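Data from final_10.json: JSON, C-alpha atoms and all ligand atoms
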[["chain", "number", "residue", "atom", "x", "y", "z"],
["A", 419, "MET", "CA", 26.73, 4.24, -5.76],
["A", 420, "LEU", "CA", 26.41, 4.72, -9.52],
["A", 421, "LEU", "CA", 24.22, 7.82, -9.48],
["A", 422, "THR", "CA", 25.86, 11.24, -9.24],
["A", 423, "ASP", "CA", 24.33, 14.20, -7.40],
["A", 424, "PRO", "CA", 23.10, 15.75, -10.69],
["A", 425, "ASP", "CA", 21.47, 12.38, -11.58],
["A", 426, "ILE", "CA", 19.69, 12.32, -8.22],
["A", 427, "GLU", "CA", 18.59, 15.90, -8.71],
["A", 428, "PHE", "CA", 17.27, 15.04, -12.17],
["A", 429, "LEU", "CA", 15.34, 12.00, -10.87],
["A", 430, "SER", "CA", 13.96, 13.97, -7.92],
["A", 431, "GLY", "CA", 12.66, 16.54, -10.43],
["A", 432, "VAL", "CA", 10.94, 13.81, -12.46],
["A", 433, "VAL", "CA", 9.34, 12.35, -9.32],
["A", 434, "ALA", "CA", 8.20, 15.79, -8.14],
["A", 435, "GLU", "CA", 6.63, 16.50, -11.53],
["A", 436, "TYR", "CA", 4.83, 13.16, -11.88],
["A", 437, "SER", "CA", 3.71, 12.40, -8.29],
["A", 438, "GLY", "CA", 4.54, 15.46, -6.19],
["A", 439, "ASN", "CA", 6.59, 13.24, -3.87],
["A", 440, "VAL", "CA", 9.65, 14.87, -2.33],
["A", 441, "ILE", "CA", 12.72, 12.63, -2.36],
["A", 442, "SER", "CA", 14.41, 12.90, 1.02],
["A", 443, "PRO", "CA", 18.20, 12.41, 1.35],
["A", 444, "ARG", "CA", 17.44, 9.02, 2.96],
["A", 445, "GLN", "CA", 15.42, 7.96, -0.08],
["A", 446, "ALA", "CA", 18.02, 9.25, -2.54],
["A", 447, "TYR", "CA", 20.25, 6.49, -1.27],
["A", 448, "MET", "CA", 17.59, 3.95, -2.25],
["A", 449, "LEU", "CA", 16.90, 5.29, -5.76],
["A", 450, "GLU", "CA", 19.39, 2.97, -7.41],
["A", 451, "LYS", "CA", 17.82, -0.18, -5.96],
["A", 452, "GLN", "CA", 14.25, 1.01, -6.62],
["A", 453, "LEU", "CA", 14.92, 2.03, -10.22],
["A", 454, "THR", "CA", 17.09, -0.86, -11.41],
["A", 455, "PRO", "CA", 13.97, -2.97, -12.25],
["A", 456, "VAL", "CA", 12.56, -0.03, -14.27],
["A", 457, "ALA", "CA", 15.85, 0.19, -16.23],
["A", 458, "LYS", "CA", 15.99, -3.59, -16.84],
["A", 459, "ASN", "CA", 12.35, -3.63, -17.87],
["A", 460, "VAL", "CA", 13.13, -1.37, -20.84],
["A", 461, "GLY", "CA", 16.26, -3.31, -21.78],
["A", 462, "LEU", "CA", 18.83, -1.02, -20.16],
["A", 463, "ASN", "CA", 21.76, -2.20, -18.04],
["A", 464, "ASP", "CA", 21.40, 0.11, -15.06],
["A", 465, "VAL", "CA", 20.00, 3.35, -13.62],
["A", 466, "VAL", "CA", 22.75, 5.47, -15.18],
["A", 467, "GLU", "CA", 21.60, 4.38, -18.64],
["A", 468, "LEU", "CA", 18.02, 5.06, -17.55],
["A", 469, "VAL", "CA", 18.88, 8.63, -16.54],
["A", 470, "GLY", "CA", 20.79, 9.07, -19.82],
["A", 471, "LYS", "CA", 17.78, 7.93, -21.87],
["A", 472, "MET", "CA", 15.41, 10.17, -19.95],
["A", 473, "ARG", "CA", 17.71, 13.18, -20.27],
["A", 474, "GLN", "CA", 17.96, 12.64, -24.03],
["A", 475, "ALA", "CA", 14.22, 12.90, -24.65],
["A", 476, "PRO", "CA", 11.34, 13.47, -22.21],
["A", 477, "ASN", "CA", 9.44, 10.19, -21.87],
["A", 478, "ALA", "CA", 6.10, 10.33, -20.02],
["A", 479, "ILE", "CA", 5.74, 6.54, -19.73],
["A", 480, "LEU", "CA", 9.22, 6.08, -18.22],
["A", 481, "SER", "CA", 8.73, 9.10, -15.97],
["A", 482, "THR", "CA", 5.47, 7.64, -14.65],
["A", 483, "GLN", "CA", 7.20, 4.31, -14.01],
["A", 484, "VAL", "CA", 10.02, 6.08, -12.17],
["A", 485, "ALA", "CA", 7.57, 8.08, -10.02],
["A", 486, "GLU", "CA", 5.56, 4.95, -9.14],
["A", 487, "ALA", "CA", 8.65, 2.87, -8.38],
["A", 488, "VAL", "CA", 9.88, 5.24, -5.68],
["A", 489, "THR", "CA", 6.62, 5.70, -3.75],
["A", 490, "VAL", "CA", 6.43, 4.27, -0.24],
["A", 491, "ASN", "CA", 3.69, 1.64, -0.17],
["A", 492, "GLU", "CA", 3.85, 0.63, 3.48],
["A", 493, "THR", "CA", 0.39, -0.31, 4.81],
["A", 494, "SER", "CA", -1.40, -2.92, 6.90],
["A", 495, "PHE", "CA", -4.88, -4.01, 7.99],
["A", 496, "PHE", "CA", -6.30, -1.86, 10.84],
["A", 497, "ARG", "CA", -3.23, 0.42, 10.69],
["A", 498, "ASP", "CA", -3.15, 2.75, 13.74],
["A", 499, "ASN", "CA", -6.48, 1.21, 14.82],
["A", 500, "HIS", "CA", -8.08, 4.41, 16.35],
["A", 501, "PRO", "CA", -9.78, 5.76, 13.19],
["A", 502, "PHE", "CA", -11.48, 2.40, 12.66],
["A", 503, "VAL", "CA", -12.81, 2.37, 16.23],
["A", 504, "ALA", "CA", -14.13, 5.90, 15.64],
["A", 505, "LEU", "CA", -15.74, 4.72, 12.40],
["A", 506, "GLU", "CA", -17.52, 1.88, 14.16],
["A", 507, "LYS", "CA", -18.55, 3.67, 17.37],
["A", 508, "LYS", "CA", -19.36, 7.19, 16.17],
["A", 509, "VAL", "CA", -18.97, 8.05, 12.49],
["A", 510, "ILE", "CA", -21.05, 5.34, 10.78],
["A", 511, "PRO", "CA", -23.84, 5.47, 13.44],
["A", 512, "ASP", "CA", -23.97, 9.26, 12.98],
["A", 513, "LEU", "CA", -24.21, 8.92, 9.19],
["A", 514, "ILE", "CA", -26.88, 6.23, 9.49],
["A", 515, "ALA", "CA", -28.99, 8.63, 11.55],
["A", 516, "ARG", "CA", -28.42, 11.53, 9.14],
["A", 517, "ASN", "CA", -28.68, 9.71, 5.79],
["A", 518, "GLN", "CA", -31.87, 7.73, 6.60],
["A", 519, "SER", "CA", -33.85, 9.22, 3.73],
["A", 520, "LYS", "CA", -31.30, 8.61, 0.96],
["A", 521, "LYS", "CA", -29.85, 5.41, 2.47],
["A", 522, "GLU", "CA", -26.40, 6.14, 1.12],
["A", 523, "ILE", "CA", -22.88, 6.45, 2.56],
["A", 524, "ARG", "CA", -19.92, 7.32, 0.33],
["A", 525, "ILE", "CA", -16.33, 6.90, 1.49],
["A", 526, "TRP", "CA", -13.12, 7.85, -0.35],
["A", 527, "CYS", "CA", -9.94, 6.04, 0.57],
["A", 528, "ALA", "CA", -7.26, 8.08, -1.22],
["A", 529, "ALA", "CA", -3.76, 6.57, -1.60],
["A", 530, "CYS", "CA", -4.99, 3.09, -0.68],
["A", 531, "SER", "CA", -1.70, 1.31, -1.54],
["A", 532, "CYS", "CA", -2.36, -2.44, -1.93],
["A", 533, "GLY", "CA", -5.85, -2.36, -0.44],
["A", 534, "GLN", "CA", -5.62, -3.20, 3.27],
["A", 535, "GLU", "CA", -7.15, 0.16, 4.28],
["A", 536, "PRO", "CA", -10.33, 0.01, 2.14],
["A", 537, "TYR", "CA", -10.80, -3.69, 2.99],
["A", 538, "THR", "CA", -10.52, -2.78, 6.70],
["A", 539, "ILE", "CA", -13.29, -0.20, 6.27],
["A", 540, "ALA", "CA", -15.39, -2.74, 4.35],
["A", 541, "MET", "CA", -14.94, -5.32, 7.16],
["A", 542, "ILE", "CA", -16.21, -2.82, 9.74],
["A", 543, "ILE", "CA", -19.29, -2.07, 7.67],
["A", 544, "ARG", "CA", -20.12, -5.71, 6.97],
["A", 545, "GLU", "CA", -19.43, -6.93, 10.50],
["A", 546, "HIS", "CA", -20.96, -4.18, 12.60],
["A", 547, "PHE", "CA", -23.69, -2.84, 10.33],
["A", 548, "PRO", "CA", -25.29, -5.85, 8.61],
["A", 549, "HIS", "CA", -28.62, -3.99, 8.52],
["A", 550, "LEU", "CA", -27.12, -1.63, 5.89],
["A", 551, "SER", "CA", -27.49, -4.35, 3.24],
["A", 552, "ASP", "CA", -30.24, -2.34, 1.50],
["A", 553, "TRP", "CA", -28.19, 0.89, 1.62],
["A", 554, "ASN", "CA", -25.96, 2.15, -1.16],
["A", 555, "ILE", "CA", -22.54, 1.93, 0.51],
["A", 556, "GLN", "CA", -19.69, 2.87, -1.78],
["A", 557, "ILE", "CA", -15.97, 2.91, -0.98],
["A", 558, "VAL", "CA", -13.94, 4.56, -3.75],
["A", 559, "ALA", "CA", -10.31, 3.48, -3.27],
["A", 560, "THR", "CA", -7.66, 5.24, -5.35],
["A", 561, "ASP", "CA", -3.91, 5.21, -5.77],
["A", 562, "LEU", "CA", -1.26, 6.51, -8.13],
["A", 563, "SER", "CA", 0.22, 3.10, -8.78],
["A", 564, "ASP", "CA", -1.30, 0.57, -11.20],
["A", 565, "GLU", "CA", 0.75, -2.14, -9.54],
["A", 566, "MET", "CA", -0.80, -1.33, -6.13],
["A", 567, "LEU", "CA", -4.28, -1.16, -7.65],
["A", 568, "ASN", "CA", -3.90, -4.53, -9.36],
["A", 569, "LYS", "CA", -2.83, -6.09, -6.09],
["A", 570, "SER", "CA", -5.77, -4.38, -4.32],
["A", 571, "LYS", "CA", -8.26, -5.65, -6.89],
["A", 572, "SER", "CA", -6.92, -9.21, -6.70],
["A", 573, "GLY", "CA", -7.66, -9.20, -2.94],
["A", 574, "GLU", "CA", -4.89, -11.75, -2.43],
["A", 575, "TYR", "CA", -2.69, -11.47, 0.65],
["A", 576, "SER", "CA", 0.17, -13.54, 2.00],
["A", 577, "GLN", "CA", 0.29, -15.04, 5.49],
["A", 578, "LEU", "CA", 2.75, -12.30, 6.45],
["A", 579, "GLU", "CA", 0.36, -9.57, 5.28],
["A", 580, "VAL", "CA", -2.66, -10.97, 7.13],
["A", 581, "ASN", "CA", -0.53, -11.47, 10.25],
["A", 582, "ARG", "CA", -0.03, -7.68, 10.35],
["A", 583, "GLY", "CA", -3.02, -6.19, 12.18],
["A", 584, "LEU", "CA", -5.81, -8.53, 11.13],
["A", 585, "PRO", "CA", -7.58, -10.28, 14.06],
["A", 586, "VAL", "CA", -7.97, -14.04, 13.49],
["A", 587, "LYS", "CA", -11.76, -13.80, 13.83],
["A", 588, "LYS", "CA", -11.89, -11.36, 10.92],
["A", 589, "LEU", "CA", -9.46, -13.43, 8.86],
["A", 590, "VAL", "CA", -11.73, -16.47, 9.19],
["A", 591, "ARG", "CA", -14.90, -14.46, 8.57],
["A", 592, "PHE", "CA", -13.77, -12.43, 5.52],
["A", 593, "PHE", "CA", -11.05, -14.46, 3.75],
["A", 594, "ASP", "CA", -10.79, -17.84, 2.03],
["A", 595, "ARG", "CA", -7.54, -19.75, 2.14],
["A", 596, "GLN", "CA", -6.21, -20.78, -1.26],
["A", 597, "GLY", "CA", -2.91, -22.61, -0.74],
["A", 598, "SER", "CA", -0.44, -20.10, 0.66],
["A", 599, "VAL", "CA", -2.68, -17.14, -0.21],
["A", 600, "TRP", "CA", -5.62, -15.57, 1.65],
["A", 601, "GLN", "CA", -8.35, -14.36, -0.73],
["A", 602, "VAL", "CA", -10.71, -11.55, 0.31],
["A", 603, "LYS", "CA", -14.37, -12.59, 0.05],
["A", 604, "GLN", "CA", -16.54, -11.12, -2.68],
["A", 605, "GLU", "CA", -18.86, -9.47, -0.11],
["A", 606, "LEU", "CA", -16.02, -7.03, 0.73],
["A", 607, "LYS", "CA", -14.92, -6.56, -2.89],
["A", 608, "ASP", "CA", -18.50, -5.64, -3.80],
["A", 609, "LEU", "CA", -18.29, -2.53, -1.60],
["A", 610, "ILE", "CA", -15.13, -1.13, -3.22],
["A", 611, "ASP", "CA", -14.51, 0.62, -6.51],
["A", 612, "PHE", "CA", -10.72, 0.75, -7.17],
["A", 613, "ARG", "CA", -9.54, 3.53, -9.50],
["A", 614, "ARG", "CA", -6.28, 5.18, -10.52],
["A", 615, "LEU", "CA", -6.00, 8.77, -9.31],
["A", 616, "ASN", "CA", -2.98, 11.04, -9.01],
["A", 617, "LEU", "CA", -3.63, 13.43, -6.13],
["A", 618, "THR", "CA", -1.42, 16.10, -7.69],
["A", 619, "THR", "CA", -3.12, 16.31, -11.10],
["A", 620, "ALA", "CA", -6.74, 17.03, -12.07],
["A", 621, "TRP", "CA", -9.16, 14.64, -10.38],
["A", 622, "PRO", "CA", -11.87, 12.92, -12.39],
["A", 623, "PHE", "CA", -15.45, 13.52, -11.24],
["A", 624, "LEU", "CA", -15.73, 11.80, -7.87],
["A", 625, "GLY", "CA", -19.01, 13.12, -6.49],
["A", 626, "GLN", "CA", -19.43, 14.02, -2.82],
["A", 627, "PHE", "CA", -18.24, 11.91, 0.10],
["A", 628, "ASP", "CA", -19.34, 11.52, 3.73],
["A", 629, "ILE", "CA", -15.90, 10.29, 4.82],
["A", 630, "VAL", "CA", -12.41, 10.75, 3.35],
["A", 631, "PHE", "CA", -9.41, 8.72, 4.44],
["A", 632, "ILE", "CA", -6.17, 10.23, 3.13],
["A", 633, "ARG", "CA", -3.62, 8.74, 5.46],
["A", 634, "ASN", "CA", 0.15, 8.45, 5.33],
["A", 635, "VAL", "CA", 0.54, 10.10, 1.93],
["A", 636, "LEU", "CA", 0.54, 13.83, 2.76],
["A", 637, "ILE", "CA", 3.94, 13.36, 4.44],
["A", 638, "TYR", "CA", 5.49, 12.78, 1.00],
["A", 639, "PHE", "CA", 4.41, 16.19, -0.38],
["A", 640, "ASP", "CA", 5.73, 19.68, 0.24],
["A", 641, "GLN", "CA", 3.64, 22.14, 2.29],
["A", 642, "SER", "CA", 1.93, 23.88, -0.63],
["A", 643, "THR", "CA", 1.00, 20.57, -2.29],
["A", 644, "LYS", "CA", -0.46, 19.29, 1.00],
["A", 645, "ALA", "CA", -2.50, 22.47, 1.37],
["A", 646, "GLU", "CA", -3.71, 22.36, -2.24],
["A", 647, "ILE", "CA", -4.79, 18.69, -1.89],
["A", 648, "LEU", "CA", -6.65, 19.34, 1.37],
["A", 649, "HIS", "CA", -8.47, 22.33, -0.15],
["A", 650, "ARG", "CA", -9.58, 20.04, -2.97],
["A", 651, "VAL", "CA", -10.59, 17.33, -0.48],
["A", 652, "ARG", "CA", -12.79, 19.94, 1.23],
["A", 653, "ARG", "CA", -14.63, 20.45, -2.07],
["A", 654, "VAL", "CA", -15.52, 16.74, -2.37],
["A", 655, "LEU", "CA", -16.37, 16.27, 1.32],
["A", 656, "ARG", "CA", -19.94, 16.95, 2.43],
["A", 657, "PRO", "CA", -20.25, 19.89, 4.86],
["A", 658, "ASP", "CA", -20.99, 17.52, 7.74],
["A", 659, "GLY", "CA", -18.39, 14.94, 6.63],
["A", 660, "TYR", "CA", -15.36, 13.41, 8.34],
["A", 661, "LEU", "CA", -11.72, 13.55, 7.25],
["A", 662, "PHE", "CA", -9.04, 11.18, 8.57],
["A", 663, "ILE", "CA", -5.35, 11.85, 7.96],
["A", 664, "GLY", "CA", -2.38, 9.81, 9.22],
["A", 665, "SER", "CA", -1.47, 9.78, 12.89],
["A", 666, "VAL", "CA", 1.87, 11.49, 12.12],
["A", 667, "GLU", "CA", 0.26, 14.06, 9.81],
["A", 668, "THR", "CA", -1.18, 17.44, 10.74],
["A", 669, "THR", "CA", -3.07, 20.35, 9.19],
["A", 670, "ILE", "CA", -1.21, 22.84, 11.41],
["A", 671, "GLY", "CA", 0.30, 25.68, 9.38],
["A", 672, "LEU", "CA", -1.49, 24.69, 6.16],
["A", 673, "GLY", "CA", -4.38, 27.17, 6.40],
["A", 674, "VAL", "CA", -6.92, 24.56, 5.30],
["A", 675, "PRO", "CA", -10.67, 24.76, 6.02],
["A", 676, "PHE", "CA", -10.89, 21.97, 8.60],
["A", 677, "GLN", "CA", -11.11, 21.86, 12.37],
["A", 678, "ARG", "CA", -9.69, 19.12, 14.52],
["A", 679, "GLU", "CA", -12.20, 17.01, 16.44],
["A", 680, "GLU", "CA", -11.52, 14.26, 18.95],
["A", 681, "ILE", "CA", -13.60, 11.10, 19.02],
["A", 682, "ASP", "CA", -12.42, 9.39, 22.22],
["A", 683, "VAL", "CA", -8.70, 8.82, 21.53],
["A", 684, "SER", "CA", -9.07, 9.21, 17.78],
["A", 685, "VAL", "CA", -8.61, 12.45, 15.84],
["A", 686, "CYS", "CA", -10.60, 13.45, 12.77],
["A", 687, "TYR", "CA", -11.15, 16.74, 10.92],
["A", 688, "ARG", "CA", -14.49, 18.40, 10.15],
["A", 689, "PRO", "CA", -15.12, 21.10, 7.52],
["A", 690, "ASN", "CA", -15.26, 24.70, 8.76],
["A", 691, "ASN", "CA", -18.65, 25.76, 7.49],
["A", 701, "LIG", "C1", 2.41, 4.77, 2.68],
["A", 701, "LIG", "S1", 1.16, 4.36, 1.54],
["A", 701, "LIG", "C2", -0.28, 4.69, 2.51],
["A", 701, "LIG", "C3", -1.30, 3.61, 2.39],
["A", 701, "LIG", "C4", -2.52, 3.74, 3.31],
["A", 701, "LIG", "N1", -3.23, 4.97, 3.08],
["A", 701, "LIG", "C5", -2.13, 3.62, 4.75],
["A", 701, "LIG", "O1", -2.20, 4.61, 5.49],
["A", 701, "LIG", "O2", -1.75, 2.53, 5.17],
["A", 701, "LIG", "C6", 1.25, 5.75, 0.42],
["A", 701, "LIG", "C7", 0.53, 5.53, -0.88],
["A", 701, "LIG", "O3", 0.40, 6.80, -1.52],
["A", 701, "LIG", "C8", 0.47, 6.59, -2.91],
["A", 701, "LIG", "N2", 0.80, 7.89, -3.55],
["A", 701, "LIG", "C9", 1.97, 8.56, -3.52],
["A", 701, "LIG", "N3", 1.90, 9.68, -4.26],
["A", 701, "LIG", "C10", 0.64, 9.73, -4.75],
["A", 701, "LIG", "C11", -0.05, 10.64, -5.60],
["A", 701, "LIG", "N4", 0.54, 11.74, -6.08],
["A", 701, "LIG", "N5", -1.34, 10.36, -5.90],
["A", 701, "LIG", "C12", -1.94, 9.26, -5.43],
["A", 701, "LIG", "N6", -1.35, 8.35, -4.63],
["A", 701, "LIG", "C13", -0.07, 8.58, -4.29],
["A", 701, "LIG", "C14", 1.53, 5.53, -3.09],
["A", 701, "LIG", "O4", 1.40, 4.85, -4.33],
["A", 701, "LIG", "C15", 1.27, 4.63, -1.88],
["A", 701, "LIG", "O5", 0.48, 3.53, -2.22]]
Whole structure, structure tokens version:
Amino acid sequence: MLLTDPDIEFLSGVVAEYSGNVISPRQAYMLEKQLTPVAKNVGLNDVVELVGKMRQAPNAILSTQVAEAVTVNETSFFRDNHPFVALEKKVIPDLIARNQSKKEIRIWCAACSCGQEPYTIAMIIREHFPHLSDWNIQIVATDLSDEMLNKSKSGEYSQLEVNRGLPVKKLVRFFDRQGSVWQVKQELKDLIDFRRLNLTTAWPFLGQFDIVFIRNVLIYFDQSTKAEILHRVRRVLRPDGYLFIGSVETTIGLGVPFQREEIDVSVCYRPNN
């Protein structure tokens, strides 16, 4: 291990400042491996030189690269399937009934990683609600990482990635095979607007949403950051909207304006009005 405890403390401070992510002791062990490419990319030999350079003079570009390089990007199609069943069986039908006059449904998929989550939502809409073709359906998918967003926008997935969670019927219906790569069809891409957004800094104007997915990202923040983000989510969620957080995440103890609601075996959160 090249990094000393003060180096790890310094890097954890940079990550906290630029992404709000808390570096756990388990992750500290991985910093060296994760940050070596960042060091090499700017012509340095190793992470120790990287820390030295960053200590010498604050460098926003390097700090952003460091923060992005240590995020956890784990995701898959239909991850923890229950929210997607709830979407199909209850949430979208409910919104169709309520939004008849404006014919619009807006969904925010925050912290979308490399795109499997918003494409899963898009597949549900296209497959189960074909009659919404004259509605304005918009999925805004955001992430901190440009690398993740570029991958999301490309819509290209490996065999290994499509093997994780994607039923064969959906693979055939919504993807084209191009050599060893599976390419998402344009009809799904058309529903999604991918944008960069850091959840811990000021958000650009997003408008109001009927549904917010913010799953498996709150776990990386401290309690007050989680609470602050969920208060801000409340402000962009319509009063009768639906919030989905990760299956291992909870609002308990955060004092946020949402109440838990069960939809069969799935859990969502509704604004306290
Ligand atoms: C574990 S993935 C979750 C992906 C997807 N939501 C899911 O549940 O499968 C966490 C994502 O959060 C993003 N992230 C971490 N900190 C962030 C921040 N401050 N603002 C926006 N996105 C962030 C990471 O880049 C990563 O892609």
Axis-aligned box over every listed atom of ligand LIG 701 (chain A), padded by 5 Å per side: centre and edges in Å to one decimal, as lines of an AutoDock Vina configuration file?
center_x = -0.4
center_y = 7.1
center_z = -0.3
size_x = 15.6
size_y = 19.2
size_z = 21.6
(message) Using all atoms listed in the file, which residues have at least one atom no more than 9 Å from ligand LIG 701 (chain A)? Output them as number ranges by chain.
(response) A: 434, 436-439, 485-498, 527-536, 560-567, 614-619, 631-639, 663-664
(message) Rounded to one decimal, what separation in Å do you get between CA of Leu661 (chain A) and CA of Val440 (chain A)?
(response)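 Straight-line distance from CA of Leu661 (chain A) to CA of Val440 (chain A) works out to 23.5 Å.
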(message) Report, in Å to a single decimal, how far apart CA of Val433 (chain A) and CA of Val466 (chain A) are.
(response)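 Interatomic distance here is 16.2 Å.
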(request) May I ask which of the residues A:Gly583, A:Pro476, A:Pro689, A:Gly625 is the closest one to Pro657 (chain A), counting all atoms listed in the file? (result)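 Result for the nearest residue to Pro657 (chain A): A:Pro689.
The space between CA of Ser572 (chain A) and CA of Val602 (chain A) spans 8.3 Å.
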(request) Within 10 Å of (-20.7, 14.0, 6.3) (coordinates as in the file), grab all the protein and nucleic acid residues, counting all atoms listed in the file, and write them out as a ChimeraX atom specification. (result) /A:509-510,512-513,516-517,523-525,626-630,655-661,688-689
(request) Write out as JSON, numbers by chain which residues come within 9 Å of Phe547 (chain A) when counting all atoms listed in the file, dropping same-chain ones fewer than 3 positions away. (result) {"A": [506, 510, 511, 542, 543, 544, 550, 551]}
(request) Take the point (-7.9, -16.7, 8.2) in the file's coordinates, draw a sphere of radius 12 Å around it, and report as an NGL selection string every protein, DNA or RNA residue with an atom inside or on it, counting only C-alpha atoms. (result) :A and (575-581 or 584-603)
(request) Could you give me, as a list in words, the residues within 12 Å of Leu420 (chain A), counting all atoms listed in the file and dropping anything in the same chain fewer than 3 positions from it? (result)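 My list of contacting residues is Asp423, Pro424, Asp425, Ile426, Ala446, Tyr447, Met448, Leu449, Glu450, Lys451, Leu453, Thr454, Asn463, Asp464, Val465, Val466, Glu467, Leu468 and Val469 of chain A.
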(request) Could you tell me which of A:Tyr537, A:Gly461, A:Ile557, A:Arg653 comes closest to Gln604 (chain A) if we count only C-alpha atoms? (result)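 Smallest distance to Gln604 (chain A) is found for A:Tyr537.
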(message) From the options A:Ala620, A:Glu435, A:Thr482, A:Asn554, which residue's atoms come nearest to Ser519 (chain A), counting all atoms listed in the file?
(response)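 Closest residue, counting all atoms listed in the file: A:Asn554.
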Since the input has fewer atoms than a full residue there, write region 459-471 of chain A out with N, CA, C and O atoms, as a PDB file, keeping the file's coordinate frame.
ATOM      1  N   ASN A 459      13.622  -3.402 -17.192  1.00  0.00           N
ATOM      2  CA  ASN A 459      12.350  -3.630 -17.870  1.00  0.00           C
ATOM      3  C   ASN A 459      12.313  -3.040 -19.286  1.00  0.00           C
ATOM      4  O   ASN A 459      11.606  -3.526 -20.163  1.00  0.00           O
ATOM      5  N   VAL A 460      13.095  -1.973 -19.499  1.00  0.00           N
ATOM      6  CA  VAL A 460      13.130  -1.370 -20.840  1.00  0.00           C
ATOM      7  C   VAL A 460      14.455  -1.714 -21.551  1.00  0.00           C
ATOM      8  O   VAL A 460      14.880  -1.020 -22.474  1.00  0.00           O
ATOM      9  N   GLY A 461      15.090  -2.784 -21.079  1.00  0.00           N
ATOM     10  CA  GLY A 461      16.260  -3.310 -21.780  1.00  0.00           C
ATOM     11  C   GLY A 461      17.551  -2.552 -21.536  1.00  0.00           C
ATOM     12  O   GLY A 461      18.516  -2.704 -22.295  1.00  0.00           O
ATOM     13  N   LEU A 462      17.600  -1.758 -20.460  1.00  0.00           N
ATOM     14  CA  LEU A 462      18.830  -1.020 -20.160  1.00  0.00           C
ATOM     15  C   LEU A 462      19.612  -1.768 -19.077  1.00  0.00           C
ATOM     16  O   LEU A 462      19.055  -2.591 -18.343  1.00  0.00           O
ATOM     17  N   ASN A 463      20.912  -1.470 -18.991  1.00  0.00           N
ATOM     18  CA  ASN A 463      21.760  -2.200 -18.040  1.00  0.00           C
ATOM     19  C   ASN A 463      21.599  -1.718 -16.597  1.00  0.00           C
ATOM     20  O   ASN A 463      21.629  -2.503 -15.672  1.00  0.00           O
ATOM     21  N   ASP A 464      21.455  -0.414 -16.427  1.00  0.00           N
ATOM     22  CA  ASP A 464      21.400   0.110 -15.060  1.00  0.00           C
ATOM     23  C   ASP A 464      20.737   1.498 -15.027  1.00  0.00           C
ATOM     24  O   ASP A 464      20.328   2.029 -16.060  1.00  0.00           O
ATOM     25  N   VAL A 465      20.683   2.069 -13.816  1.00  0.00           N
ATOM     26  CA  VAL A 465      20.000   3.350 -13.620  1.00  0.00           C
ATOM     27  C   VAL A 465      20.711   4.510 -14.321  1.00  0.00           C
ATOM     28  O   VAL A 465      20.064   5.488 -14.702  1.00  0.00           O
ATOM     29  N   VAL A 466      22.019   4.394 -14.503  1.00  0.00           N
ATOM     30  CA  VAL A 466      22.750   5.470 -15.180  1.00  0.00           C
ATOM     31  C   VAL A 466      22.273   5.558 -16.638  1.00  0.00           C
ATOM     32  O   VAL A 466      22.013   6.651 -17.165  1.00  0.00           O
ATOM     33  N   GLU A 467      22.120   4.388 -17.260  1.00  0.00           N
ATOM     34  CA  GLU A 467      21.600   4.380 -18.640  1.00  0.00           C
ATOM     35  C   GLU A 467      20.160   4.906 -18.672  1.00  0.00           C
ATOM     36  O   GLU A 467      19.755   5.592 -19.605  1.00  0.00           O
ATOM     37  N   LEU A 468      19.416   4.581 -17.620  1.00  0.00           N
ATOM     38  CA  LEU A 468      18.020   5.060 -17.550  1.00  0.00           C
ATOM     39  C   LEU A 468      17.988   6.588 -17.502  1.00  0.00           C
ATOM     40  O   LEU A 468      17.241   7.234 -18.248  1.00  0.00           O
ATOM     41  N   VAL A 469      18.830   7.166 -16.649  1.00  0.00           N
ATOM     42  CA  VAL A 469      18.880   8.630 -16.540  1.00  0.00           C
ATOM     43  C   VAL A 469      19.312   9.221 -17.891  1.00  0.00           C
ATOM     44  O   VAL A 469      18.731  10.205 -18.370  1.00  0.00           O
ATOM     45  N   GLY A 470      20.306   8.587 -18.521  1.00  0.00           N
ATOM     46  CA  GLY A 470      20.790   9.070 -19.820  1.00  0.00           C
ATOM     47  C   GLY A 470      19.666   9.094 -20.838  1.00  0.00           C
ATOM     48  O   GLY A 470      19.472  10.087 -21.549  1.00  0.00           O
ATOM     49  N   LYS A 471      18.895   8.016 -20.902  1.00  0.00           N
ATOM     50  CA  LYS A 471      17.780   7.930 -21.870  1.00  0.00           C
ATOM     51  C   LYS A 471      16.731   9.004 -21.583  1.00  0.00           C
ATOM     52  O   LYS A 471      16.227   9.658 -22.489  1.00  0.00           O
TER      53      LYS A 471
END
